[in-house]
file model19.txt (compact mmCIF, C-alpha atoms and all ligand atoms)
# COMPACT_ATOMS: atom_id res chain seq x y z
CA MET A 1 0.00 0.00 0.00
CA SER A 2 1.24 3.50 -0.85
CA ASP A 3 2.40 5.69 2.07
CA LYS A 4 1.28 8.86 0.27
CA GLN A 5 -1.49 10.52 2.27
CA VAL A 6 -3.13 12.81 -0.31
CA VAL A 7 -5.14 11.55 -3.30
CA VAL A 8 -6.05 13.81 -6.23
CA TYR A 9 -9.00 12.23 -8.03
CA GLY A 10 -9.54 13.48 -11.59
CA ALA A 11 -5.83 14.14 -12.03
CA SER A 12 -6.17 13.96 -15.84
CA GLY A 13 -8.41 17.04 -15.80
CA TYR A 14 -7.57 20.72 -16.02
CA THR A 15 -8.19 21.33 -12.31
CA GLY A 16 -6.83 18.04 -10.97
CA ARG A 17 -3.54 18.80 -12.68
CA LEU A 18 -3.40 22.20 -10.94
CA VAL A 19 -4.00 20.59 -7.53
CA CYS A 20 -1.02 18.32 -8.29
CA GLU A 21 1.03 21.36 -9.27
CA PHE A 22 0.51 23.09 -5.92
CA LEU A 23 0.97 19.89 -3.87
CA ARG A 24 4.32 19.70 -5.61
CA GLU A 25 5.03 23.32 -4.58
CA TYR A 26 4.26 22.34 -0.96
CA GLN A 27 6.55 19.30 -1.45
CA VAL A 28 3.76 16.98 -0.36
CA PRO A 29 3.75 13.47 -1.86
CA PHE A 30 0.49 12.55 -3.61
CA ILE A 31 -1.36 9.94 -5.60
CA ALA A 32 -2.67 11.13 -8.97
CA ALA A 33 -5.78 9.02 -9.52
CA GLY A 34 -8.36 8.74 -12.26
CA ARG A 35 -10.15 6.35 -14.54
CA ASN A 36 -7.52 6.28 -17.30
CA ARG A 37 -3.79 5.88 -16.61
CA GLN A 38 -2.67 7.13 -20.00
CA ARG A 39 -4.66 10.36 -19.77
CA ILE A 40 -3.29 10.98 -16.26
CA GLU A 41 0.28 10.39 -17.47
CA GLU A 42 -0.22 12.84 -20.33
CA ALA A 43 -1.76 15.49 -18.05
CA ILE A 44 0.78 15.13 -15.25
CA ALA A 45 3.67 15.37 -17.70
CA LYS A 46 2.59 18.99 -18.34
CA VAL A 47 2.74 20.04 -14.65
CA PRO A 48 5.57 22.56 -14.21
CA GLY A 49 8.44 21.07 -12.20
CA ILE A 50 6.83 17.63 -12.04
CA GLU A 51 10.24 15.98 -12.25
CA THR A 52 10.84 17.03 -8.62
CA ALA A 53 7.45 15.82 -7.30
CA ASP A 54 7.00 12.68 -5.23
CA TYR A 55 3.89 11.06 -6.72
CA GLU A 56 2.45 7.91 -8.18
CA ILE A 57 -0.32 7.34 -10.68
CA VAL A 58 -3.21 5.03 -9.84
CA GLU A 59 -5.93 4.00 -12.27
CA VAL A 60 -9.15 3.38 -10.39
CA GLU A 61 -12.66 2.39 -11.41
CA HIS A 62 -15.35 4.94 -10.57
CA SER A 63 -17.20 2.83 -8.01
CA VAL A 64 -17.71 3.09 -4.25
CA GLU A 65 -15.87 -0.20 -3.71
CA ALA A 66 -12.78 0.64 -5.78
CA LEU A 67 -12.55 4.19 -4.42
CA THR A 68 -12.97 2.99 -0.81
CA LYS A 69 -10.08 0.58 -1.33
CA LEU A 70 -7.92 3.35 -2.78
CA LEU A 71 -8.70 5.70 0.14
CA GLU A 72 -8.12 3.24 2.99
CA GLY A 73 -5.23 4.52 5.10
CA LYS A 74 -5.18 7.91 3.32
CA SER A 75 -5.76 11.29 5.00
CA VAL A 76 -7.34 13.49 2.31
CA ILE A 77 -8.99 13.19 -1.08
CA CYS A 78 -9.13 16.21 -3.41
CA ASN A 79 -11.96 15.35 -5.78
CA THR A 80 -12.16 17.23 -9.09
CA VAL A 81 -14.43 14.85 -11.02
CA GLY A 82 -17.54 16.76 -12.06
CA PRO A 83 -20.38 17.34 -12.71
CA PHE A 84 -20.62 16.33 -9.08
CA ASP A 85 -24.36 15.83 -9.35
CA TYR A 86 -23.57 12.92 -11.67
CA PHE A 87 -20.31 11.56 -10.21
CA GLY A 88 -19.81 12.96 -6.69
CA ASP A 89 -21.87 10.70 -4.42
CA ALA A 90 -19.68 7.62 -4.94
CA VAL A 91 -16.56 9.57 -3.94
CA VAL A 92 -18.11 11.17 -0.84
CA GLN A 93 -19.38 7.75 0.21
CA ALA A 94 -16.00 6.11 -0.38
CA ALA A 95 -14.18 8.78 1.67
CA ALA A 96 -16.69 8.31 4.49
CA ASN A 97 -16.15 4.52 4.37
CA ALA A 98 -12.37 4.97 4.46
CA ASN A 99 -12.48 7.64 7.20
CA CYS A 100 -10.71 10.17 5.01
CA HIS A 101 -11.14 13.97 4.75
CA TYR A 102 -13.02 14.95 1.57
CA LEU A 103 -12.51 18.19 -0.44
CA ASP A 104 -13.93 19.03 -3.83
CA THR A 105 -14.41 21.84 -6.35
CA THR A 106 -18.17 21.69 -6.76
CA GLY A 107 -20.49 24.68 -6.87
CA GLU A 108 -23.62 22.54 -7.24
CA GLN A 109 -25.94 23.46 -4.38
CA ALA A 110 -28.32 20.52 -4.79
CA PHE A 111 -25.40 18.09 -4.64
CA MET A 112 -23.98 19.83 -1.57
CA MET A 113 -27.29 19.72 0.28
CA GLU A 114 -27.75 16.05 -0.55
CA MET A 115 -24.22 15.18 0.62
CA ARG A 116 -24.68 17.24 3.79
CA ASP A 117 -27.92 15.44 4.63
CA LYS A 118 -26.61 11.97 3.81
CA TYR A 119 -23.05 12.01 5.11
CA SER A 120 -22.26 15.02 7.33
CA ASP A 121 -23.05 13.18 10.59
CA SER A 122 -20.77 10.29 9.74
CA TYR A 123 -17.89 12.66 8.85
CA ARG A 124 -18.48 14.64 12.07
CA GLU A 125 -18.52 11.54 14.26
CA ASN A 126 -15.09 10.60 12.87
CA GLY A 127 -13.65 14.13 13.17
CA LYS A 128 -13.34 14.38 9.36
CA ILE A 129 -14.41 17.15 7.02
CA LEU A 130 -16.76 17.11 4.07
CA ALA A 131 -15.64 20.36 2.43
CA PRO A 132 -17.19 21.00 -0.97
CA SER A 133 -16.41 24.16 -2.97
CA THR A 134 -12.80 24.41 -1.88
CA ALA A 135 -12.29 26.35 -5.07
CA TYR A 136 -12.41 29.66 -6.85
CA MET A 137 -15.85 31.35 -6.83
CA TYR A 138 -16.34 30.13 -3.27
CA THR A 139 -13.17 30.21 -1.12
CA PRO A 140 -12.28 33.91 -1.70
CA LEU A 141 -15.91 34.84 -0.90
CA ASP A 142 -15.80 32.61 2.17
CA ILE A 143 -12.66 34.45 3.32
CA ALA A 144 -14.25 37.85 2.63
CA ALA A 145 -17.42 36.85 4.49
CA HIS A 146 -15.43 35.77 7.54
CA ILE A 147 -13.54 39.09 7.51
CA VAL A 148 -16.78 41.06 7.26
CA LEU A 149 -18.33 39.04 10.09
CA GLU A 150 -15.51 40.06 12.44
CA ASP A 151 -17.82 43.05 12.97
CA GLY A 152 -20.43 41.49 15.26
CA SER A 153 -23.16 43.86 14.11
CA ILE A 154 -23.29 42.38 10.59
CA ASP A 155 -26.15 39.95 9.92
CA SER A 156 -26.59 40.03 6.11
CA ILE A 157 -24.19 39.21 3.30
CA ASP A 158 -24.18 40.14 -0.37
CA ALA A 159 -21.38 38.30 -2.15
CA GLY A 160 -20.22 38.85 -5.73
CA CYS A 161 -17.58 37.14 -7.83
CA LEU A 162 -16.23 38.66 -11.04
CA ALA A 163 -13.94 36.30 -12.93
CA ALA A 164 -12.02 36.64 -16.15
CA GLY A 165 -11.47 33.28 -17.72
CA VAL A 166 -12.66 30.61 -20.06
CA PRO A 167 -14.58 27.79 -18.35
CA THR A 168 -13.11 24.33 -18.95
CA TYR A 169 -14.97 21.37 -20.49
CA GLY A 170 -15.84 20.07 -17.00
CA SER A 171 -16.95 23.49 -15.74
CA THR A 172 -19.17 24.08 -18.79
CA GLN A 173 -20.78 20.66 -18.38
CA THR A 174 -21.37 21.51 -14.73
CA ILE A 175 -22.90 24.94 -15.41
CA PHE A 176 -25.53 23.45 -17.69
CA ALA A 177 -26.18 20.45 -15.45
CA MET A 178 -27.03 22.95 -12.69
CA PHE A 179 -30.04 24.21 -14.67
CA GLN A 180 -31.90 21.11 -13.43
CA ALA A 181 -31.94 22.32 -9.82
CA GLU A 182 -33.30 25.29 -7.91
CA HIS A 183 -30.72 28.01 -7.19
CA LEU A 184 -31.20 29.16 -3.61
CA TYR A 185 -30.31 32.13 -1.44
CA LEU A 186 -30.89 32.71 2.25
CA GLU A 187 -33.59 35.20 3.21
CA ASN A 188 -34.64 35.58 6.84
CA ASN A 189 -33.01 32.20 7.60
CA GLN A 190 -34.96 30.39 4.86
CA LEU A 191 -33.51 29.09 1.59
CA VAL A 192 -35.59 30.54 -1.23
CA PRO A 193 -35.20 30.19 -5.02
CA TRP A 194 -33.78 32.78 -7.38
CA GLN A 195 -35.88 33.50 -10.45
CA LYS A 196 -34.84 31.17 -13.29
CA GLY A 197 -33.34 32.38 -16.59
CA ARG A 198 -32.61 35.87 -15.34
CA GLY A 199 -29.45 37.96 -15.09
CA PHE A 200 -28.80 40.76 -12.61
CA GLU A 201 -26.70 43.89 -13.00
CA MET A 202 -23.83 43.73 -10.50
CA VAL A 203 -21.56 46.61 -9.45
CA THR A 204 -18.09 45.31 -8.68
CA PRO A 205 -15.89 47.58 -6.54
CA GLY A 206 -13.18 49.23 -8.63
CA LYS A 207 -14.85 48.62 -12.02
CA MET A 208 -16.10 51.32 -14.37
CA MET A 209 -19.01 49.36 -15.87
CA SER A 210 -21.57 47.11 -14.25
CA GLN A 211 -21.52 43.37 -15.05
CA LEU A 212 -24.24 40.92 -15.93
CA ALA A 213 -24.33 38.43 -13.06
CA HIS A 214 -26.15 35.15 -12.47
CA PRO A 215 -26.88 33.08 -9.34
CA TRP A 216 -24.74 30.30 -10.92
CA GLY A 217 -26.43 27.57 -8.97
CA GLY A 218 -26.94 29.74 -5.89
CA GLY A 219 -23.44 29.16 -4.55
CA SER A 220 -22.18 27.61 -1.35
CA LEU A 221 -22.25 30.64 0.95
CA PRO A 222 -26.02 30.37 1.64
CA LEU A 223 -25.40 26.77 2.81
CA TRP A 224 -22.27 27.44 4.84
CA PHE A 225 -24.03 30.25 6.73
CA GLN A 226 -27.50 28.69 6.85
CA HIS A 227 -27.01 27.51 10.45
CA ASP A 228 -24.70 30.34 11.56
CA HIS A 229 -26.80 32.26 14.08
CA ARG A 230 -25.00 35.53 13.29
CA VAL A 231 -26.32 35.53 9.72
CA GLN A 232 -29.89 35.80 8.45
CA ASN A 233 -29.48 36.73 4.76
CA VAL A 234 -26.97 35.60 2.14
CA ARG A 235 -27.08 36.28 -1.60
CA GLN A 236 -24.33 35.16 -3.96
CA LEU A 237 -23.91 36.21 -7.59
CA THR A 238 -21.30 35.40 -10.23
CA ALA A 239 -20.25 37.30 -13.33
CA PHE A 240 -17.59 36.82 -15.98
CA ASN A 241 -15.95 39.70 -17.85
CA ASN A 242 -17.26 38.10 -21.02
CA ARG A 243 -20.75 39.63 -21.12
CA PRO A 244 -21.87 38.04 -24.43
CA MET A 245 -21.04 34.58 -23.02
CA PHE A 246 -23.17 35.35 -19.98
CA GLU A 247 -26.04 36.61 -22.12
CA GLN A 248 -25.89 33.33 -24.04
CA ILE A 249 -25.89 31.24 -20.85
CA ILE A 250 -28.99 33.07 -19.59
CA GLU A 251 -30.73 32.56 -22.95
CA LEU A 252 -29.88 28.87 -22.78
CA GLN A 253 -31.33 28.64 -19.28
CA GLN A 254 -34.56 30.15 -20.65
CA HIS A 255 -34.44 27.54 -23.44
CA TYR A 256 -34.07 24.81 -20.78
CA GLU A 257 -37.05 26.16 -18.82
CA ASN A 258 -39.25 26.47 -21.91
CA ASN A 259 -38.27 23.36 -23.88
CA LEU A 260 -36.19 20.82 -21.97
CA LYS A 261 -37.15 20.64 -18.32
CA ASP A 262 -40.13 18.31 -18.83
CA LEU A 263 -38.12 15.72 -20.80
CA PRO A 264 -37.14 12.45 -19.07
CA GLN A 265 -34.02 12.85 -16.90
CA ASP A 266 -31.62 11.02 -19.25
CA GLU A 267 -32.80 13.09 -22.24
CA GLN A 268 -32.36 16.31 -20.26
CA GLU A 269 -28.82 15.31 -19.26
CA LYS A 270 -27.94 14.45 -22.85
CA ALA A 271 -29.38 17.70 -24.24
CA LEU A 272 -27.56 19.79 -21.62
CA GLY A 273 -24.32 17.85 -22.16
CA ASP A 274 -24.54 18.46 -25.92
CA ILE A 275 -25.11 22.21 -25.43
CA ALA A 276 -22.12 22.37 -23.06
CA ALA A 277 -19.87 20.39 -25.40
CA GLY A 278 -20.81 22.80 -28.20
CA MET A 279 -19.64 25.75 -26.10
CA GLN A 280 -16.42 24.23 -24.74
CA PRO A 281 -15.33 21.05 -26.53
CA GLY A 282 -11.69 21.01 -25.38
CA MET A 283 -9.20 22.06 -22.77
CA PRO A 284 -8.45 25.82 -22.57
CA PRO A 285 -4.83 26.99 -22.30
CA ARG A 286 -3.13 27.74 -19.00
CA GLU A 287 -4.30 31.04 -17.50
CA ASN A 288 -2.31 34.24 -17.82
CA LYS A 289 -2.04 36.18 -14.54
CA LEU A 290 -2.05 39.50 -16.41
CA VAL A 291 -5.28 38.67 -18.23
CA HIS A 292 -7.30 36.41 -15.98
CA ARG A 293 -7.78 38.76 -13.06
CA SER A 294 -10.63 38.37 -10.63
CA THR A 295 -12.43 40.40 -8.00
CA ASP A 296 -14.44 38.85 -5.19
CA PHE A 297 -16.35 41.03 -2.77
CA VAL A 298 -18.66 40.75 0.20
CA HIS A 299 -20.82 43.59 1.49
CA GLY A 300 -21.86 42.97 5.08
CA ILE A 301 -24.95 44.79 6.29
CA GLY A 302 -26.25 45.35 9.82
CA THR A 303 -28.68 47.80 11.39
CA GLY A 304 -27.02 51.14 10.78
CA THR A 305 -23.69 49.44 10.00
CA ARG A 306 -21.88 48.04 7.01
CA ARG A 307 -18.48 46.50 6.33
CA SER A 308 -17.05 45.39 2.99
CA CYS A 309 -14.15 43.20 1.95
CA VAL A 310 -12.82 43.05 -1.61
CA ILE A 311 -10.21 40.51 -2.73
CA HIS A 312 -8.43 41.25 -6.00
CA THR A 313 -6.40 38.35 -7.34
CA SER A 314 -5.78 36.42 -10.52
CA ALA A 315 -5.75 33.05 -12.31
CA PRO A 316 -8.95 31.55 -10.80
CA TYR A 317 -8.27 27.94 -11.79
CA GLN A 318 -4.76 28.15 -10.35
CA LEU A 319 -6.33 29.56 -7.21
CA THR A 320 -8.45 26.42 -7.02
CA GLY A 321 -5.26 24.34 -7.17
CA VAL A 322 -3.77 26.49 -4.39
CA VAL A 323 -6.71 26.26 -1.97
CA GLN A 324 -7.16 22.52 -2.50
CA ALA A 325 -3.47 21.86 -1.86
CA ALA A 326 -3.37 24.28 1.09
CA LEU A 327 -6.32 22.68 2.87
CA ALA A 328 -4.93 19.18 2.24
CA VAL A 329 -1.60 20.30 3.73
CA TYR A 330 -3.35 21.79 6.78
CA LEU A 331 -5.19 18.52 7.41
CA LEU A 332 -1.97 16.50 7.32
CA ASP A 333 -0.73 18.30 10.44
CA ALA A 334 -3.76 19.52 12.37
CA GLU A 335 -7.26 18.63 13.42
CA PRO A 336 -9.91 20.70 11.62
CA LEU A 337 -11.43 23.53 13.68
CA LYS A 338 -14.83 22.05 12.90
CA SER A 339 -15.75 18.72 11.28
CA GLY A 340 -18.66 17.41 9.18
CA PHE A 341 -20.05 19.59 6.35
CA VAL A 342 -17.86 22.72 6.46
CA SER A 343 -16.20 25.31 4.29
CA SER A 344 -12.41 25.51 4.03
CA CYS A 345 -12.44 28.61 6.29
CA GLN A 346 -14.63 26.88 8.87
CA ALA A 347 -12.15 23.98 8.86
CA ALA A 348 -8.80 25.77 8.73
CA GLY A 349 -9.56 29.43 9.51
CA HIS A 350 -9.84 32.26 6.99
CA ASN A 351 -6.41 33.67 7.78
CA TYR A 352 -4.76 30.39 6.82
CA MET A 353 -6.75 30.17 3.56
CA LEU A 354 -6.02 33.81 2.67
CA GLY A 355 -2.33 33.33 3.48
CA ALA A 356 -2.19 30.36 1.12
CA ILE A 357 -3.58 32.43 -1.76
CA GLN A 358 -1.20 35.32 -0.96
CA LYS A 359 1.72 32.87 -0.95
CA PHE A 360 1.21 31.92 -4.59
CA LEU A 361 -0.83 34.62 -6.36
CA PRO A 362 -0.70 38.43 -6.43
CA THR A 363 -3.49 39.47 -4.04
CA GLN A 364 -4.85 42.72 -2.66
CA VAL A 365 -7.41 42.78 0.14
CA ASP A 366 -9.43 45.99 0.75
CA ILE A 367 -11.53 46.24 3.91
CA TYR A 368 -13.71 49.27 4.50
N1 LIG B 1 -15.42 26.61 -8.57
C1 LIG B 1 -14.50 26.72 -9.46
O1 LIG B 1 -14.02 27.80 -9.70
C2 LIG B 1 -14.01 25.48 -10.10
C3 LIG B 1 -12.72 25.48 -10.55
C4 LIG B 1 -12.28 24.38 -11.19
C5 LIG B 1 -13.12 23.29 -11.38
N2 LIG B 1 -14.36 23.30 -10.91
C6 LIG B 1 -15.24 22.11 -11.09
O2 LIG B 1 -14.44 20.93 -11.05
C7 LIG B 1 -14.91 19.97 -11.99
C8 LIG B 1 -13.78 19.55 -12.93
O3 LIG B 1 -13.41 20.63 -13.72
P1 LIG B 1 -12.19 20.54 -14.74
O4 LIG B 1 -12.01 21.90 -15.23
O5 LIG B 1 -11.01 19.90 -14.11
O6 LIG B 1 -12.78 19.55 -15.85
P2 LIG B 1 -12.05 18.58 -16.87
O7 LIG B 1 -10.76 19.16 -17.33
O8 LIG B 1 -13.07 18.24 -17.88
O9 LIG B 1 -11.72 17.28 -15.99
C9 LIG B 1 -12.71 16.41 -15.54
C10 LIG B 1 -12.08 15.23 -14.81
O10 LIG B 1 -13.11 14.34 -14.40
C11 LIG B 1 -12.86 13.03 -14.91
N3 LIG B 1 -14.10 12.35 -15.21
C12 LIG B 1 -15.11 12.79 -16.00
N4 LIG B 1 -16.09 11.88 -16.04
C13 LIG B 1 -15.69 10.84 -15.24
C14 LIG B 1 -16.28 9.61 -14.87
N5 LIG B 1 -17.46 9.24 -15.34
N6 LIG B 1 -15.57 8.80 -14.03
C15 LIG B 1 -14.37 9.14 -13.57
N7 LIG B 1 -13.75 10.31 -13.90
C16 LIG B 1 -14.42 11.14 -14.72
C17 LIG B 1 -12.03 13.27 -16.15
O11 LIG B 1 -11.33 12.08 -16.45
P3 LIG B 1 -10.93 11.66 -17.98
O12 LIG B 1 -9.73 12.49 -18.33
O13 LIG B 1 -10.62 10.24 -17.87
O14 LIG B 1 -12.10 11.99 -18.86
C18 LIG B 1 -11.13 14.41 -15.67
O15 LIG B 1 -10.08 13.89 -14.89
C19 LIG B 1 -16.10 20.62 -12.70
O16 LIG B 1 -17.28 20.17 -12.09
C20 LIG B 1 -15.90 22.10 -12.46
O17 LIG B 1 -17.11 22.81 -12.45
C21 LIG B 1 -14.82 24.38 -10.27
call {"tool": "encode", "arguments": {"input": "model19.txt", "output": "structure tokens", "more": "lines below"}}
Ligand SMILES: NC(=O)c1ccc[n+]([C@@H]2O[C@H](COP(=O)([O-])OP(=O)(O)OC[C@H]3O[C@@H](n4cnc5c(N)ncnc54)[C@H](OP(=O)(O)O)[C@@H]3O)[C@@H](O)[C@H]2O)c1
result
Amino acid sequence: MSDKQVVVYGASGYTGRLVCEFLREYQVPFIAAGRNRQRIEEAIAKVPGIETADYEIVEVEHSVEALTKLLEGKSVICNTVGPFDYFGDAVVQAAANANCHYLDTTGEQAFMMEMRDKYSDSYRENGKILAPSTAYMYTPLDIAAHIVLEDGSIDSIDAGCLAAGVPTYGSTQTIFAMFQAEHLYLENNQLVPWQKGRGFEMVTPGKMMSQLAHPWGGGSLPLWFQHDHRVQNVRQLTAFNNRPMFEQIIELQQHYENNLKDLPQDEQEKALGDIAAGMQPGMPPRENKLVHRSTDFVHGIGTGTRRSCVIHTSAPYQLTGVVQAALAVYLLDAEPLKSGFVSSCQAAGHNYMLGAIQKFLPTQVDIY
């Protein structure tokens, strides 16, 4: 049995490869796992500096039994195999069976709620974490929300993410798969649905023009703060610099609502998969830090008070690799601050997660 404690599942993918890259930067040995050895070998060969990494490749069948066997005796799995709605349950179940911490890159609310309800207790009883959305779009907002909530008078959170980048094949598949679920926000401690097929104008701090934003599945912040007694309201929106692409996504969601949502489940999945493949059939190039800049902000609101935190950084997919690797590294040495269904900041503290991003990517944090 391998003595390496961290498993990256989906290592042949765009994001899995980036998790491997930053585990290598931390000099942490890892297993690069996935369903096809050759594709993993080809992907890993492109990781900068891979010749100095301590890793092994493991081909594993996508089943609870095979994944449980792989995870026995391991500390952490970083799961990047999405859409998680389709493929995630088996991995969460396997990590629970093997008593292993579980991190992933999902933004799919329905999947997160289902995993929380099915498995959170078993993770908590074993002192392990079930930490979905340890990724761009979610972790910087989680950090900003924790900073804003240092002011005890804040009870409501408006969170916005403005990314510059081209979604990968897996991300595009995931975006369209999310049309099948409700997208929820927290209002007066209740999860309520956003209107379907609608964009919202968003004003991002430091930008001249407004952006067209979308609930993008509703996000993970409403779930992470749902049972936090300090917080009653949480709304999360996402925008990309590429406005025409966003307009098209909103039109396609209207098309889903009008024409596809009453089809049988397998036909819906196929139709959505085909639309996604038409938009992003291949793997985009590596991000450029001077082009793919991002701004994540949280406005905290109280009675007669407000506090905002804005995080400017870059290369969102690389950031996902950073936060996955950083949380895995934390868990190798320390007990999580909280176990069960948690965010990365709830598990490791927001200062640790922010420090990890600052270590690898140019980052400015404005608090006002
Ligand atoms: N929140 C964020 O900002 C963020 C950032 C990055 C990624 N993500 C999410 O992470 C997921 C992966 O994204 P990506 O960009 O890495 O996609 P990708 O490049 O398409 O990679 C997908 C990975 O999943 C594997 N896979 C697909 N279907 C599988 C199956 N049936 N059984 C086993 N493995 C399977 C692929 O293996 P093969 O190579 O063998 O096909 C590949 O390793 C997506 O859901 C995406 O939305 C989110």
call {"tool": "closest_residue", "arguments": {"input": "model19.txt", "among": "A:Tyr352, A:Tyr9, A:Phe179, A:Tyr256", "to": "Val58 in chain A", "atoms": "all atoms listed in the file"}}
result
A:Tyr9
call {"tool": "atom_distance", "arguments": {"input": "model19.txt", "atom1": "CA of Leu186 in chain A", "atom2": "CA of Asn233 in chain A"}}
result
4.9 Å
call {"tool": "axis_aligned_box", "arguments": {"input": "model19.txt", "around": "range 156-159 of chain A", "padding_each_side": "6 Å", "output": "JSON"}}
result
{"center_x": -24.0, "center_y": 39.2, "center_z": 2.0, "size_x": 17.2, "size_y": 13.8, "size_z": 20.3}
call {"tool": "residues_near_ligand", "arguments": {"input": "model19.txt", "ligand": "ligand LIG 1 (chain B)", "cutoff": "7 Å", "atoms": "only C-alpha atoms and all ligand atoms", "output": "ChimeraX atom specification"}}
result
/A:10-16,34-36,39-40,62,80-84,87,105-107,133,135-138,168-172,174-175,283,316-317,320
call {"tool": "write_last_selection", "arguments": {"input": "model19.txt", "atoms": "C-alpha atoms", "output": "short mmCIF file (atom, residue, chain, number, x, y, z; two decimals), in the frame of the given file"}}
result
data_model
loop_
_atom_site.label_atom_id
_atom_site.label_comp_id
_atom_site.auth_asym_id
_atom_site.auth_seq_id
_atom_site.Cartn_x
_atom_site.Cartn_y
_atom_site.Cartn_z
CA GLY A 10 -9.54 13.48 -11.59
CA ALA A 11 -5.83 14.14 -12.03
CA SER A 12 -6.17 13.96 -15.84
CA GLY A 13 -8.41 17.04 -15.80
CA TYR A 14 -7.57 20.72 -16.02
CA THR A 15 -8.19 21.33 -12.31
CA GLY A 16 -6.83 18.04 -10.97
CA GLY A 34 -8.36 8.74 -12.26
CA ARG A 35 -10.15 6.35 -14.54
CA ASN A 36 -7.52 6.28 -17.30
CA ARG A 39 -4.66 10.36 -19.77
CA ILE A 40 -3.29 10.98 -16.26
CA HIS A 62 -15.35 4.94 -10.57
CA THR A 80 -12.16 17.23 -9.09
CA VAL A 81 -14.43 14.85 -11.02
CA GLY A 82 -17.54 16.76 -12.06
CA PRO A 83 -20.38 17.34 -12.71
CA PHE A 84 -20.62 16.33 -9.08
CA PHE A 87 -20.31 11.56 -10.21
CA THR A 105 -14.41 21.84 -6.35
CA THR A 106 -18.17 21.69 -6.76
CA GLY A 107 -20.49 24.68 -6.87
CA SER A 133 -16.41 24.16 -2.97
CA ALA A 135 -12.29 26.35 -5.07
CA TYR A 136 -12.41 29.66 -6.85
CA MET A 137 -15.85 31.35 -6.83
CA TYR A 138 -16.34 30.13 -3.27
CA THR A 168 -13.11 24.33 -18.95
CA TYR A 169 -14.97 21.37 -20.49
CA GLY A 170 -15.84 20.07 -17.00
CA SER A 171 -16.95 23.49 -15.74
CA THR A 172 -19.17 24.08 -18.79
CA THR A 174 -21.37 21.51 -14.73
CA ILE A 175 -22.90 24.94 -15.41
CA MET A 283 -9.20 22.06 -22.77
CA PRO A 316 -8.95 31.55 -10.80
CA TYR A 317 -8.27 27.94 -11.79
CA THR A 320 -8.45 26.42 -7.02
#
call {"tool": "closest_residue", "arguments": {"input": "model19.txt", "among": "A:Ala98, A:Ser314, A:Arg17, A:Leu23", "to": "Glu42 in chain A", "atoms": "only C-alpha atoms"}}
result
A:Arg17
call {"tool": "atom_distance", "arguments": {"input": "model19.txt", "atom1": "CA of Pro132 in chain A", "atom2": "CA of Ala110 in chain A"}}
result
11.8 Å
call {"tool": "atom_distance", "arguments": {"input": "model19.txt", "atom1": "CA of Lys207 in chain A", "atom2": "CA of Asp151 in chain A"}}
result
25.8 Å
call {"tool": "closest_residue", "arguments": {"input": "model19.txt", "among": "A:Lys338, A:Asn79, A:Arg230, A:Gln190", "to": "Glu150 in chain A", "atoms": "only C-alpha atoms"}}
result
A:Arg230
call {"tool": "closest_residue", "arguments": {"input": "model19.txt", "among": "A:Gln226, A:Thr313, A:Asn126, A:Ser75", "to": "Gln364 in chain A", "atoms": "all atoms listed in the file"}}
result
A:Thr313
call {"tool": "closest_residue", "arguments": {"input": "model19.txt", "among": "A:Gln180, A:Asn188, A:Ser339, A:Asn288", "to": "Pro264 in chain A", "atoms": "all atoms listed in the file"}}
result
A:Gln180
call {"tool": "residues_around", "arguments": {"input": "model19.txt", "residues": "Gly73 in chain A", "least_positions_apart": "4", "cutoff": "9 Å", "atoms": "all atoms listed in the file", "output": "ChimeraX atom specification"}}
result
/A:1-3,5,69,98-100
call {"tool": "residues_around", "arguments": {"input": "model19.txt", "residues": "Ala347 in chain A", "least_positions_apart": "5", "cutoff": "12 Å", "atoms": "all atoms listed in the file", "output": "PyMOL selection string"}}
result
chain A and resi 101-103+124+127-132+134+139+142-143+224+326-328+330-331+334-342+352-353
call {"tool": "closest_residue", "arguments": {"input": "model19.txt", "among": "A:Asn189, A:Asn258, A:Gln173, A:Ser210", "to": "Arg243 in chain A", "atoms": "all atoms listed in the file"}}
result
A:Ser210
call {"tool": "residues_around", "arguments": {"input": "model19.txt", "residues": "Leu354 in chain A", "least_positions_apart": "3", "cutoff": "9 Å", "atoms": "only C-alpha atoms", "output": "list in words"}}
result
Thr139, Pro140, Ile143, Val323, Gly349, His350, Asn351, Ile357, Gln358 and Lys359 of chain A
call {"tool": "residues_around", "arguments": {"input": "model19.txt", "residues": "Ala144 in chain A", "least_positions_apart": "3", "cutoff": "10 Å", "atoms": "only C-alpha atoms", "output": "list in words"}}
result
Tyr138, Thr139, Pro140, Leu141, Ile147, Val148, Leu149, Ala159, Asp296, Phe297, Val298, His299, Gly300, Ser308, Cys309, Val310, Ile311, His350, Leu354, Val365, Asp366 and Ile367 of chain A
call {"tool": "residues_near_point", "arguments": {"input": "model19.txt", "point": "(-15.0, 1.6, -2.6)", "cutoff": "10 Å", "atoms": "all atoms listed in the file", "output": "PyMOL selection string"}}
result
chain A and resi 60-72+90-91+93-98
